[in-house]
>>> print(open('final27.txt').read())   # compact mmCIF, N, CA and C atoms
# COMPACT_ATOMS: atom_id res chain seq x y z
N ALA W 116 161.28 12.15 121.37
CA ALA W 116 162.21 11.94 120.27
C ALA W 116 161.75 12.77 119.09
N ALA W 117 162.69 13.36 118.41
CA ALA W 117 162.39 14.20 117.24
C ALA W 117 162.08 13.31 116.05
N LEU W 118 161.16 13.77 115.23
CA LEU W 118 160.81 13.03 114.03
C LEU W 118 161.86 13.19 112.94
N LEU W 119 162.50 14.34 112.90
CA LEU W 119 163.51 14.60 111.89
C LEU W 119 164.87 14.82 112.56
N PRO W 120 165.93 14.44 111.88
CA PRO W 120 167.26 14.68 112.47
C PRO W 120 167.56 16.18 112.50
N PRO W 121 168.49 16.61 113.32
CA PRO W 121 168.84 18.04 113.34
C PRO W 121 169.47 18.45 112.00
N LEU W 122 169.35 19.73 111.69
CA LEU W 122 169.90 20.23 110.44
C LEU W 122 171.42 20.15 110.46
N SER W 123 172.01 19.83 109.32
CA SER W 123 173.47 19.83 109.22
C SER W 123 173.96 21.27 109.30
N SER W 124 175.24 21.44 109.58
CA SER W 124 175.78 22.79 109.68
C SER W 124 175.72 23.51 108.33
N GLU W 125 175.89 22.76 107.22
CA GLU W 125 175.80 23.39 105.90
C GLU W 125 174.40 23.95 105.68
N VAL W 126 173.39 23.19 106.05
CA VAL W 126 172.02 23.65 105.85
C VAL W 126 171.73 24.85 106.73
N SER W 127 172.07 24.77 108.00
CA SER W 127 171.72 25.86 108.91
C SER W 127 172.58 27.10 108.69
N GLN W 128 173.84 26.94 108.26
CA GLN W 128 174.73 28.09 108.12
C GLN W 128 174.80 28.66 106.71
N VAL W 129 174.41 27.88 105.69
CA VAL W 129 174.53 28.37 104.31
C VAL W 129 173.20 28.32 103.57
N ARG W 130 172.58 27.18 103.51
CA ARG W 130 171.38 27.05 102.67
C ARG W 130 170.19 27.85 103.19
N LEU W 131 169.94 27.84 104.49
CA LEU W 131 168.82 28.61 105.03
C LEU W 131 169.03 30.12 104.86
N PRO W 132 170.21 30.66 105.21
CA PRO W 132 170.40 32.09 104.96
C PRO W 132 170.34 32.45 103.46
N ALA W 133 170.84 31.58 102.58
CA ALA W 133 170.76 31.86 101.14
C ALA W 133 169.31 31.88 100.68
N SER W 134 168.50 31.00 101.22
CA SER W 134 167.07 30.99 100.89
C SER W 134 166.40 32.27 101.39
N LEU W 135 166.75 32.69 102.60
CA LEU W 135 166.20 33.93 103.15
C LEU W 135 166.62 35.12 102.30
N LEU W 136 167.86 35.14 101.83
CA LEU W 136 168.34 36.22 100.97
C LEU W 136 167.54 36.26 99.68
N GLN W 137 167.35 35.10 99.07
CA GLN W 137 166.59 35.04 97.82
C GLN W 137 165.17 35.55 98.02
N LYS W 138 164.52 35.10 99.08
CA LYS W 138 163.15 35.54 99.35
C LYS W 138 163.10 37.04 99.64
N SER W 139 164.09 37.55 100.37
CA SER W 139 164.13 38.97 100.69
C SER W 139 164.27 39.82 99.43
N VAL W 140 165.13 39.39 98.52
CA VAL W 140 165.34 40.14 97.29
C VAL W 140 164.13 40.02 96.38
N ARG W 141 163.63 38.84 96.16
CA ARG W 141 162.58 38.62 95.17
C ARG W 141 161.22 39.09 95.65
N ARG W 142 160.94 38.97 96.94
CA ARG W 142 159.61 39.35 97.44
C ARG W 142 159.56 40.77 97.95
N GLY W 143 160.71 41.39 98.15
CA GLY W 143 160.74 42.77 98.60
C GLY W 143 160.03 42.98 99.92
N PHE W 144 160.43 42.21 100.95
CA PHE W 144 159.81 42.35 102.26
C PHE W 144 159.71 43.81 102.66
N CYS W 145 158.79 44.14 103.54
CA CYS W 145 158.60 45.52 103.97
C CYS W 145 159.80 46.06 104.74
N SER W 146 160.68 45.20 105.19
CA SER W 146 161.87 45.61 105.93
C SER W 146 163.10 45.01 105.27
N SER W 147 164.21 45.71 105.39
CA SER W 147 165.46 45.16 104.87
C SER W 147 166.17 44.28 105.89
N ALA W 148 165.60 44.16 107.10
CA ALA W 148 166.25 43.38 108.16
C ALA W 148 166.51 41.93 107.77
N PRO W 149 165.54 41.19 107.17
CA PRO W 149 165.85 39.79 106.79
C PRO W 149 166.99 39.69 105.78
N LEU W 150 167.06 40.63 104.85
CA LEU W 150 168.14 40.64 103.87
C LEU W 150 169.48 40.87 104.56
N LEU W 151 169.54 41.84 105.45
CA LEU W 151 170.78 42.13 106.16
C LEU W 151 171.19 40.97 107.06
N GLU W 152 170.22 40.33 107.68
CA GLU W 152 170.50 39.16 108.53
C GLU W 152 171.10 38.02 107.69
N ALA W 153 170.52 37.78 106.52
CA ALA W 153 171.03 36.71 105.64
C ALA W 153 172.43 37.03 105.14
N CYS W 154 172.65 38.28 104.73
CA CYS W 154 173.99 38.67 104.25
C CYS W 154 175.03 38.53 105.36
N THR W 155 174.68 38.94 106.56
CA THR W 155 175.60 38.82 107.69
C THR W 155 175.93 37.37 107.96
N ALA W 156 174.92 36.50 107.95
CA ALA W 156 175.15 35.08 108.21
C ALA W 156 176.05 34.46 107.15
N LEU W 157 175.87 34.85 105.89
CA LEU W 157 176.65 34.25 104.80
C LEU W 157 178.05 34.83 104.69
N LEU W 158 178.22 36.11 104.98
CA LEU W 158 179.52 36.76 104.82
C LEU W 158 180.37 36.74 106.07
N HIS W 159 179.72 36.66 107.24
CA HIS W 159 180.46 36.73 108.50
C HIS W 159 180.22 35.55 109.42
N GLY W 160 179.23 34.75 109.15
CA GLY W 160 178.90 33.62 110.00
C GLY W 160 178.08 34.04 111.20
N LYS W 161 177.51 33.06 111.86
CA LYS W 161 176.72 33.31 113.07
C LYS W 161 177.20 32.38 114.16
N GLY W 162 177.40 32.94 115.32
CA GLY W 162 177.82 32.14 116.46
C GLY W 162 176.64 31.82 117.36
N GLU W 163 176.93 31.58 118.61
CA GLU W 163 175.89 31.28 119.59
C GLU W 163 174.94 32.46 119.73
N GLY W 164 173.66 32.18 119.73
CA GLY W 164 172.67 33.22 119.91
C GLY W 164 172.54 34.16 118.74
N GLY W 165 173.08 33.81 117.59
CA GLY W 165 172.95 34.63 116.40
C GLY W 165 173.98 35.73 116.27
N ALA W 166 174.94 35.80 117.18
CA ALA W 166 175.97 36.84 117.10
C ALA W 166 176.92 36.54 115.94
N ALA W 167 177.39 37.60 115.28
CA ALA W 167 178.32 37.42 114.16
C ALA W 167 179.64 36.86 114.68
N THR W 168 180.24 35.98 113.88
CA THR W 168 181.54 35.40 114.23
C THR W 168 182.60 36.01 113.33
N ALA W 169 183.83 35.63 113.54
CA ALA W 169 184.94 36.20 112.76
C ALA W 169 185.07 35.57 111.38
N ALA W 170 184.59 34.36 111.21
CA ALA W 170 184.78 33.65 109.95
C ALA W 170 183.44 33.26 109.33
N PRO W 171 183.32 33.43 108.00
CA PRO W 171 182.09 33.01 107.34
C PRO W 171 182.02 31.49 107.26
N PRO W 172 180.83 30.93 107.13
CA PRO W 172 180.74 29.49 106.94
C PRO W 172 181.33 29.10 105.58
N ARG W 173 181.87 27.91 105.50
CA ARG W 173 182.46 27.43 104.24
C ARG W 173 181.37 27.45 103.16
N GLY W 174 181.63 28.18 102.08
CA GLY W 174 180.67 28.30 100.99
C GLY W 174 179.67 29.43 101.17
N GLY W 175 179.71 30.13 102.29
CA GLY W 175 178.76 31.22 102.54
C GLY W 175 178.89 32.37 101.57
N PRO W 176 180.12 32.90 101.35
CA PRO W 176 180.25 34.00 100.39
C PRO W 176 179.80 33.61 98.98
N PHE W 177 180.12 32.40 98.54
CA PHE W 177 179.65 31.96 97.22
C PHE W 177 178.13 31.93 97.17
N ALA W 178 177.50 31.41 98.22
CA ALA W 178 176.04 31.34 98.25
C ALA W 178 175.43 32.74 98.19
N MET W 179 176.01 33.70 98.91
CA MET W 179 175.49 35.06 98.91
C MET W 179 175.63 35.69 97.53
N LEU W 180 176.83 35.62 96.96
CA LEU W 180 177.10 36.27 95.68
C LEU W 180 176.30 35.64 94.54
N SER W 181 176.26 34.32 94.48
CA SER W 181 175.54 33.65 93.39
C SER W 181 174.03 33.81 93.52
N THR W 182 173.52 33.82 94.75
CA THR W 182 172.09 34.07 94.95
C THR W 182 171.73 35.46 94.47
N LEU W 183 172.59 36.40 94.76
CA LEU W 183 172.31 37.79 94.39
C LEU W 183 172.34 38.01 92.89
N TRP W 184 173.38 37.54 92.19
CA TRP W 184 173.38 37.78 90.75
C TRP W 184 172.31 36.96 90.05
N GLY W 185 171.97 35.80 90.62
CA GLY W 185 170.87 35.01 90.06
C GLY W 185 169.54 35.75 90.16
N ALA W 186 169.31 36.40 91.31
CA ALA W 186 168.08 37.17 91.49
C ALA W 186 168.07 38.38 90.56
N MET W 187 169.24 38.98 90.33
CA MET W 187 169.31 40.10 89.39
C MET W 187 168.88 39.67 87.99
N LEU W 188 169.35 38.51 87.57
CA LEU W 188 169.00 38.01 86.23
C LEU W 188 167.51 37.69 86.13
N VAL W 189 166.98 37.00 87.12
CA VAL W 189 165.58 36.58 87.08
C VAL W 189 164.64 37.77 87.10
N ASP W 190 164.97 38.76 87.91
CA ASP W 190 164.05 39.89 88.10
C ASP W 190 164.40 41.11 87.26
N ALA W 191 165.40 41.00 86.38
CA ALA W 191 165.83 42.13 85.57
C ALA W 191 166.07 43.35 86.45
N ALA W 192 166.78 43.11 87.54
CA ALA W 192 167.09 44.16 88.50
C ALA W 192 168.18 45.06 87.93
N PRO W 193 168.55 46.12 88.64
CA PRO W 193 169.63 46.96 88.12
C PRO W 193 170.93 46.15 88.01
N PHE W 194 171.41 45.99 86.79
CA PHE W 194 172.60 45.17 86.54
C PHE W 194 173.89 45.94 86.75
N ASP W 195 173.87 47.20 86.41
CA ASP W 195 175.10 48.00 86.45
C ASP W 195 175.36 48.52 87.85
N ALA W 196 176.63 48.64 88.15
CA ALA W 196 177.03 49.27 89.41
C ALA W 196 176.69 50.76 89.30
N PRO W 197 176.29 51.38 90.40
CA PRO W 197 176.02 52.82 90.33
C PRO W 197 177.30 53.59 90.00
N ALA W 198 177.14 54.75 89.42
CA ALA W 198 178.29 55.54 88.97
C ALA W 198 179.24 55.89 90.11
N ASP W 199 178.71 56.03 91.32
CA ASP W 199 179.57 56.40 92.45
C ASP W 199 180.34 55.22 93.03
N GLY W 200 180.09 54.00 92.54
CA GLY W 200 180.81 52.82 93.00
C GLY W 200 180.39 52.33 94.38
N ALA W 201 179.22 52.76 94.86
CA ALA W 201 178.77 52.39 96.20
C ALA W 201 178.29 50.94 96.29
N ALA W 202 177.98 50.33 95.16
CA ALA W 202 177.48 48.95 95.14
C ALA W 202 178.10 48.23 93.95
N LEU W 203 178.09 46.91 94.00
CA LEU W 203 178.62 46.10 92.91
C LEU W 203 177.55 45.88 91.85
N GLY W 204 178.00 45.75 90.61
CA GLY W 204 177.12 45.38 89.52
C GLY W 204 177.19 43.88 89.28
N ILE W 205 176.43 43.40 88.32
CA ILE W 205 176.36 41.96 88.07
C ILE W 205 177.71 41.40 87.62
N GLU W 206 178.50 42.19 86.87
CA GLU W 206 179.80 41.69 86.41
C GLU W 206 180.73 41.42 87.59
N GLN W 207 180.75 42.36 88.53
CA GLN W 207 181.61 42.19 89.70
C GLN W 207 181.13 41.03 90.57
N LEU W 208 179.81 40.89 90.72
CA LEU W 208 179.27 39.79 91.51
C LEU W 208 179.62 38.44 90.89
N LEU W 209 179.51 38.36 89.56
CA LEU W 209 179.88 37.12 88.86
C LEU W 209 181.35 36.79 89.06
N ALA W 210 182.21 37.79 88.90
CA ALA W 210 183.65 37.56 89.05
C ALA W 210 183.99 37.11 90.47
N LEU W 211 183.41 37.79 91.46
CA LEU W 211 183.68 37.41 92.85
C LEU W 211 183.12 36.04 93.18
N SER W 212 181.97 35.69 92.59
CA SER W 212 181.41 34.36 92.87
C SER W 212 182.28 33.26 92.27
N LEU W 213 182.96 33.54 91.16
CA LEU W 213 183.91 32.56 90.60
C LEU W 213 185.08 32.33 91.54
N ILE W 214 185.57 33.41 92.16
CA ILE W 214 186.65 33.28 93.15
C ILE W 214 186.16 32.46 94.34
N ALA W 215 184.96 32.80 94.83
CA ALA W 215 184.40 32.09 95.99
C ALA W 215 184.11 30.63 95.66
N ARG W 216 183.75 30.34 94.44
CA ARG W 216 183.48 28.95 94.03
C ARG W 216 184.79 28.15 93.99
N ALA W 217 185.85 28.79 93.49
CA ALA W 217 187.15 28.10 93.40
C ALA W 217 187.75 27.86 94.77
N ASP W 218 187.50 28.76 95.72
CA ASP W 218 188.04 28.63 97.07
C ASP W 218 186.92 28.83 98.08
N PRO W 219 186.25 27.74 98.49
CA PRO W 219 185.10 27.86 99.41
C PRO W 219 185.42 28.52 100.74
N GLY W 220 186.69 28.60 101.11
CA GLY W 220 187.06 29.26 102.36
C GLY W 220 187.33 30.75 102.22
N TRP W 221 187.27 31.26 100.97
CA TRP W 221 187.54 32.68 100.72
C TRP W 221 186.39 33.55 101.21
N ALA W 222 186.74 34.71 101.70
CA ALA W 222 185.74 35.71 102.09
C ALA W 222 186.16 37.04 101.48
N PRO W 223 185.20 37.81 100.97
CA PRO W 223 185.57 39.10 100.39
C PRO W 223 186.08 40.05 101.47
N PRO W 224 187.06 40.90 101.12
CA PRO W 224 187.52 41.89 102.09
C PRO W 224 186.37 42.84 102.45
N PRO W 225 186.43 43.46 103.62
CA PRO W 225 185.30 44.29 104.08
C PRO W 225 184.77 45.32 103.08
N PRO W 226 185.62 46.04 102.33
CA PRO W 226 185.03 46.99 101.37
C PRO W 226 184.18 46.32 100.30
N LEU W 227 184.63 45.16 99.80
CA LEU W 227 183.84 44.42 98.79
C LEU W 227 182.59 43.82 99.42
N ALA W 228 182.68 43.33 100.65
CA ALA W 228 181.51 42.77 101.33
C ALA W 228 180.44 43.86 101.50
N ARG W 229 180.86 45.06 101.90
CA ARG W 229 179.89 46.17 102.07
C ARG W 229 179.23 46.51 100.73
N LYS W 230 180.01 46.51 99.66
CA LYS W 230 179.45 46.82 98.34
C LYS W 230 178.52 45.71 97.85
N ALA W 231 178.81 44.47 98.22
CA ALA W 231 177.93 43.35 97.86
C ALA W 231 176.60 43.48 98.61
N VAL W 232 176.65 43.84 99.88
CA VAL W 232 175.42 44.04 100.65
C VAL W 232 174.64 45.23 100.08
N ALA W 233 175.34 46.29 99.68
CA ALA W 233 174.67 47.43 99.06
C ALA W 233 173.98 47.01 97.76
N ALA W 234 174.63 46.12 96.99
CA ALA W 234 174.00 45.61 95.77
C ALA W 234 172.75 44.81 96.09
N ALA W 235 172.78 44.04 97.18
CA ALA W 235 171.59 43.28 97.58
C ALA W 235 170.46 44.22 97.96
N LEU W 236 170.77 45.25 98.72
CA LEU W 236 169.74 46.23 99.09
C LEU W 236 169.18 46.92 97.85
N ARG W 237 170.05 47.24 96.92
CA ARG W 237 169.63 47.92 95.68
C ARG W 237 168.76 47.00 94.82
N THR W 238 169.04 45.71 94.88
CA THR W 238 168.29 44.74 94.07
C THR W 238 166.93 44.43 94.68
N GLN W 239 166.83 44.56 96.01
CA GLN W 239 165.57 44.27 96.69
C GLN W 239 164.49 45.22 96.16
N GLY W 240 163.33 44.68 95.88
CA GLY W 240 162.25 45.46 95.28
C GLY W 240 161.54 46.39 96.25
N ARG W 241 162.29 47.30 96.86
CA ARG W 241 161.70 48.29 97.75
C ARG W 241 162.05 49.67 97.23
N ASP W 242 161.07 50.56 97.17
CA ASP W 242 161.30 51.90 96.63
C ASP W 242 162.42 52.64 97.35
N CYS W 243 162.51 52.49 98.66
CA CYS W 243 163.52 53.24 99.42
C CYS W 243 164.93 52.73 99.15
N ASN W 244 165.10 51.56 98.53
CA ASN W 244 166.42 51.01 98.25
C ASN W 244 166.92 51.33 96.85
N GLN W 245 166.14 52.03 96.06
CA GLN W 245 166.53 52.28 94.68
C GLN W 245 167.31 53.58 94.57
N TRP W 246 168.51 53.50 94.01
CA TRP W 246 169.29 54.71 93.75
C TRP W 246 170.08 54.53 92.50
>>> encode(input="final27.txt", output="structure tokens")
Amino acid sequence: AALLPPLSSEVSQVRLPASLLQKSVRRGFCSSAPLLEACTALLHGKGEGGAATAAPPRGGPFAMLSTLWGAMLVDAAPFDAPADGAALGIEQLLALSLIARADPGWAPPPPLARKAVAAALRTQGRDCNQW
């Protein structure tokens, strides 16, 4: 018999990936793989065996966006979007997180999701991710 009950779907699908995202950004792991894994889980969901699903978990996009702009504030990371528009800045992340907060079932369209992931990579404290 297990000592602890199994994790709820909210914990396993939203809170754990959001925690991994925060740690990836703030600690600057030697690889971007944990950050990309967390972003994928929050923006696209995870199915059986860790495969991406078609729908994000309820509240996943909000968790990703709010974790990211929060890390930007705490670490004084690059706030502005790059001039070429390849990644989102803190203003765009805040605005999108308000949308995601108002509608927990909302998911950003693929171009915005890619730019949000690019912002996460840019915020991660790794020299190769700075542009």
>>> residues_around(input="final27.txt", residues="Pro219 (chain W)", least_positions_apart="5", cutoff="9 Å", atoms="only C-alpha atoms", output="CSV table (one decimal) with N, CA and C atoms, keeping the file's coordinate frame")
chain,number,residue,atom,x,y,z
W,172,PRO,N,180.8,30.9,107.1
W,172,PRO,CA,180.7,29.5,106.9
W,172,PRO,C,181.3,29.1,105.6
W,173,ARG,N,181.9,27.9,105.5
W,173,ARG,CA,182.5,27.4,104.2
W,173,ARG,C,181.4,27.4,103.2
W,174,GLY,N,181.6,28.2,102.1
W,174,GLY,CA,180.7,28.3,101.0
W,174,GLY,C,179.7,29.4,101.2
W,175,GLY,N,179.7,30.1,102.3
W,175,GLY,CA,178.8,31.2,102.5
W,175,GLY,C,178.9,32.4,101.6
W,176,PRO,N,180.1,32.9,101.4
W,176,PRO,CA,180.2,34.0,100.4
W,176,PRO,C,179.8,33.6,99.0
W,177,PHE,N,180.1,32.4,98.5
W,177,PHE,CA,179.6,32.0,97.2
W,177,PHE,C,178.1,31.9,97.2
W,214,ILE,N,185.6,33.4,92.2
W,214,ILE,CA,186.6,33.3,93.2
W,214,ILE,C,186.2,32.5,94.3
>>> residues_around(input="final27.txt", residues="Phe144 (chain W)", least_positions_apart="2", cutoff="12 Å", atoms="only C-alpha atoms", output="list in words")
Leu135, Leu136, Gln137, Lys138, Ser139, Val140, Arg141, Arg142, Ser146, Ser147, Ala148, Pro149, Leu150, Leu151, Leu236, Gln239, Gly240, Arg241, Asp242, Cys243 and Asn244 of chain W
>>> write_last_selection(input="final27.txt", atoms="N, CA and C atoms", output="compact mmCIF listing (two decimals), in the coordinates of the input")
# COMPACT_ATOMS: atom_id res chain seq x y z
N LEU W 135 166.75 32.69 102.60
CA LEU W 135 166.20 33.93 103.15
C LEU W 135 166.62 35.12 102.30
N LEU W 136 167.86 35.14 101.83
CA LEU W 136 168.34 36.22 100.97
C LEU W 136 167.54 36.26 99.68
N GLN W 137 167.35 35.10 99.07
CA GLN W 137 166.59 35.04 97.82
C GLN W 137 165.17 35.55 98.02
N LYS W 138 164.52 35.10 99.08
CA LYS W 138 163.15 35.54 99.35
C LYS W 138 163.10 37.04 99.64
N SER W 139 164.09 37.55 100.37
CA SER W 139 164.13 38.97 100.69
C SER W 139 164.27 39.82 99.43
N VAL W 140 165.13 39.39 98.52
CA VAL W 140 165.34 40.14 97.29
C VAL W 140 164.13 40.02 96.38
N ARG W 141 163.63 38.84 96.16
CA ARG W 141 162.58 38.62 95.17
C ARG W 141 161.22 39.09 95.65
N ARG W 142 160.94 38.97 96.94
CA ARG W 142 159.61 39.35 97.44
C ARG W 142 159.56 40.77 97.95
N SER W 146 160.68 45.20 105.19
CA SER W 146 161.87 45.61 105.93
C SER W 146 163.10 45.01 105.27
N SER W 147 164.21 45.71 105.39
CA SER W 147 165.46 45.16 104.87
C SER W 147 166.17 44.28 105.89
N ALA W 148 165.60 44.16 107.10
CA ALA W 148 166.25 43.38 108.16
C ALA W 148 166.51 41.93 107.77
N PRO W 149 165.54 41.19 107.17
CA PRO W 149 165.85 39.79 106.79
C PRO W 149 166.99 39.69 105.78
N LEU W 150 167.06 40.63 104.85
CA LEU W 150 168.14 40.64 103.87
C LEU W 150 169.48 40.87 104.56
N LEU W 151 169.54 41.84 105.45
CA LEU W 151 170.78 42.13 106.16
C LEU W 151 171.19 40.97 107.06
N LEU W 236 170.77 45.25 98.72
CA LEU W 236 169.74 46.23 99.09
C LEU W 236 169.18 46.92 97.85
N GLN W 239 166.83 44.56 96.01
CA GLN W 239 165.57 44.27 96.69
C GLN W 239 164.49 45.22 96.16
N GLY W 240 163.33 44.68 95.88
CA GLY W 240 162.25 45.46 95.28
C GLY W 240 161.54 46.39 96.25
N ARG W 241 162.29 47.30 96.86
CA ARG W 241 161.70 48.29 97.75
C ARG W 241 162.05 49.67 97.23
N ASP W 242 161.07 50.56 97.17
CA ASP W 242 161.30 51.90 96.63
C ASP W 242 162.42 52.64 97.35
N CYS W 243 162.51 52.49 98.66
CA CYS W 243 163.52 53.24 99.42
C CYS W 243 164.93 52.73 99.15
N ASN W 244 165.10 51.56 98.53
CA ASN W 244 166.42 51.01 98.25
C ASN W 244 166.92 51.33 96.85
>>> residues_near_point(input="final27.txt", point="(170.8, 31.3, 104.2)", cutoff="8 Å", atoms="only N, CA and C atoms", output="list in words")
Val126, Ser127, Gln128, Val129, Arg130, Leu131, Pro132, Ala133, Ser134, Leu135, Leu136, Gln137, Glu152, Ala153, Cys154, Ala156, Leu157, Ala178 and Met179 of chain W
>>> closest_residue(input="final27.txt", among="W:Val189, W:Leu203, W:Ala170, W:Cys145", to="Ala235 (chain W)", atoms="all atoms listed in the file")
W:Leu203
>>> residues_around(input="final27.txt", residues="Ser181 (chain W)", least_positions_apart="5", cutoff="6.5 Å", atoms="only N, CA and C atoms", output="list in words")
Pro176, Ala186, Leu208 and Ser212 of chain W
>>> residues_around(input="final27.txt", residues="Lys230 (chain W)", least_positions_apart="2", cutoff="5 Å", atoms="all atoms listed in the file", output="VMD selection string")
chain W and resid 201 to 203 226 to 228 232 to 234
>>> select_by_dssp(input="final27.txt", residues="chain W", states="alpha helix (DSSP H)", output="PyMOL selection string")
chain W and resi 124-125+131-142+148-159+175-190+205-217+225-238
>>> atom_distance(input="final27.txt", atom1="CA of Leu183 (chain W)", atom2="CA of Glu206 (chain W)")
11.6 Å
>>> atom_distance(input="final27.txt", atom1="CA of Thr238 (chain W)", atom2="CA of Ser124 (chain W)")
28.0 Å
>>> atom_distance(input="final27.txt", atom1="atom N of Gly204 (chain W)", atom2="CA of Pro171 (chain W)")
21.4 Å
>>> build_atoms(input="final27.txt", residues="region 215-227 of chain W", atoms="N, CA, C and O atoms", output="compact mmCIF listing (two decimals), in the coordinates of the input")
# COMPACT_ATOMS: atom_id res chain seq x y z
N ALA W 215 184.96 32.80 94.83
CA ALA W 215 184.40 32.09 95.99
C ALA W 215 184.11 30.63 95.66
O ALA W 215 184.24 29.76 96.53
N ARG W 216 183.75 30.34 94.44
CA ARG W 216 183.48 28.95 94.03
C ARG W 216 184.79 28.15 93.99
O ARG W 216 184.83 26.99 94.41
N ALA W 217 185.85 28.79 93.49
CA ALA W 217 187.15 28.10 93.40
C ALA W 217 187.75 27.86 94.77
O ALA W 217 188.44 26.86 94.97
N ASP W 218 187.50 28.76 95.72
CA ASP W 218 188.04 28.63 97.07
C ASP W 218 186.92 28.83 98.08
O ASP W 218 186.62 29.96 98.46
N PRO W 219 186.25 27.74 98.49
CA PRO W 219 185.10 27.86 99.41
C PRO W 219 185.42 28.52 100.74
O PRO W 219 184.53 29.00 101.42
N GLY W 220 186.69 28.60 101.11
CA GLY W 220 187.06 29.26 102.36
C GLY W 220 187.33 30.75 102.22
O GLY W 220 187.57 31.44 103.20
N TRP W 221 187.27 31.26 100.97
CA TRP W 221 187.54 32.68 100.72
C TRP W 221 186.39 33.55 101.21
O TRP W 221 185.23 33.18 101.13
N ALA W 222 186.74 34.71 101.70
CA ALA W 222 185.74 35.71 102.09
C ALA W 222 186.16 37.04 101.48
O ALA W 222 187.35 37.38 101.47
N PRO W 223 185.20 37.81 100.97
CA PRO W 223 185.57 39.10 100.39
C PRO W 223 186.08 40.05 101.47
O PRO W 223 185.62 40.01 102.61
N PRO W 224 187.06 40.90 101.12
CA PRO W 224 187.52 41.89 102.09
C PRO W 224 186.37 42.84 102.45
O PRO W 224 185.43 42.98 101.67
N PRO W 225 186.43 43.46 103.62
CA PRO W 225 185.30 44.29 104.08
C PRO W 225 184.77 45.32 103.08
O PRO W 225 183.54 45.43 102.94
N PRO W 226 185.62 46.04 102.33
CA PRO W 226 185.03 46.99 101.37
C PRO W 226 184.18 46.32 100.30
O PRO W 226 183.12 46.82 99.93
N LEU W 227 184.63 45.16 99.80
CA LEU W 227 183.84 44.42 98.79
C LEU W 227 182.59 43.82 99.42
O LEU W 227 181.53 43.79 98.79
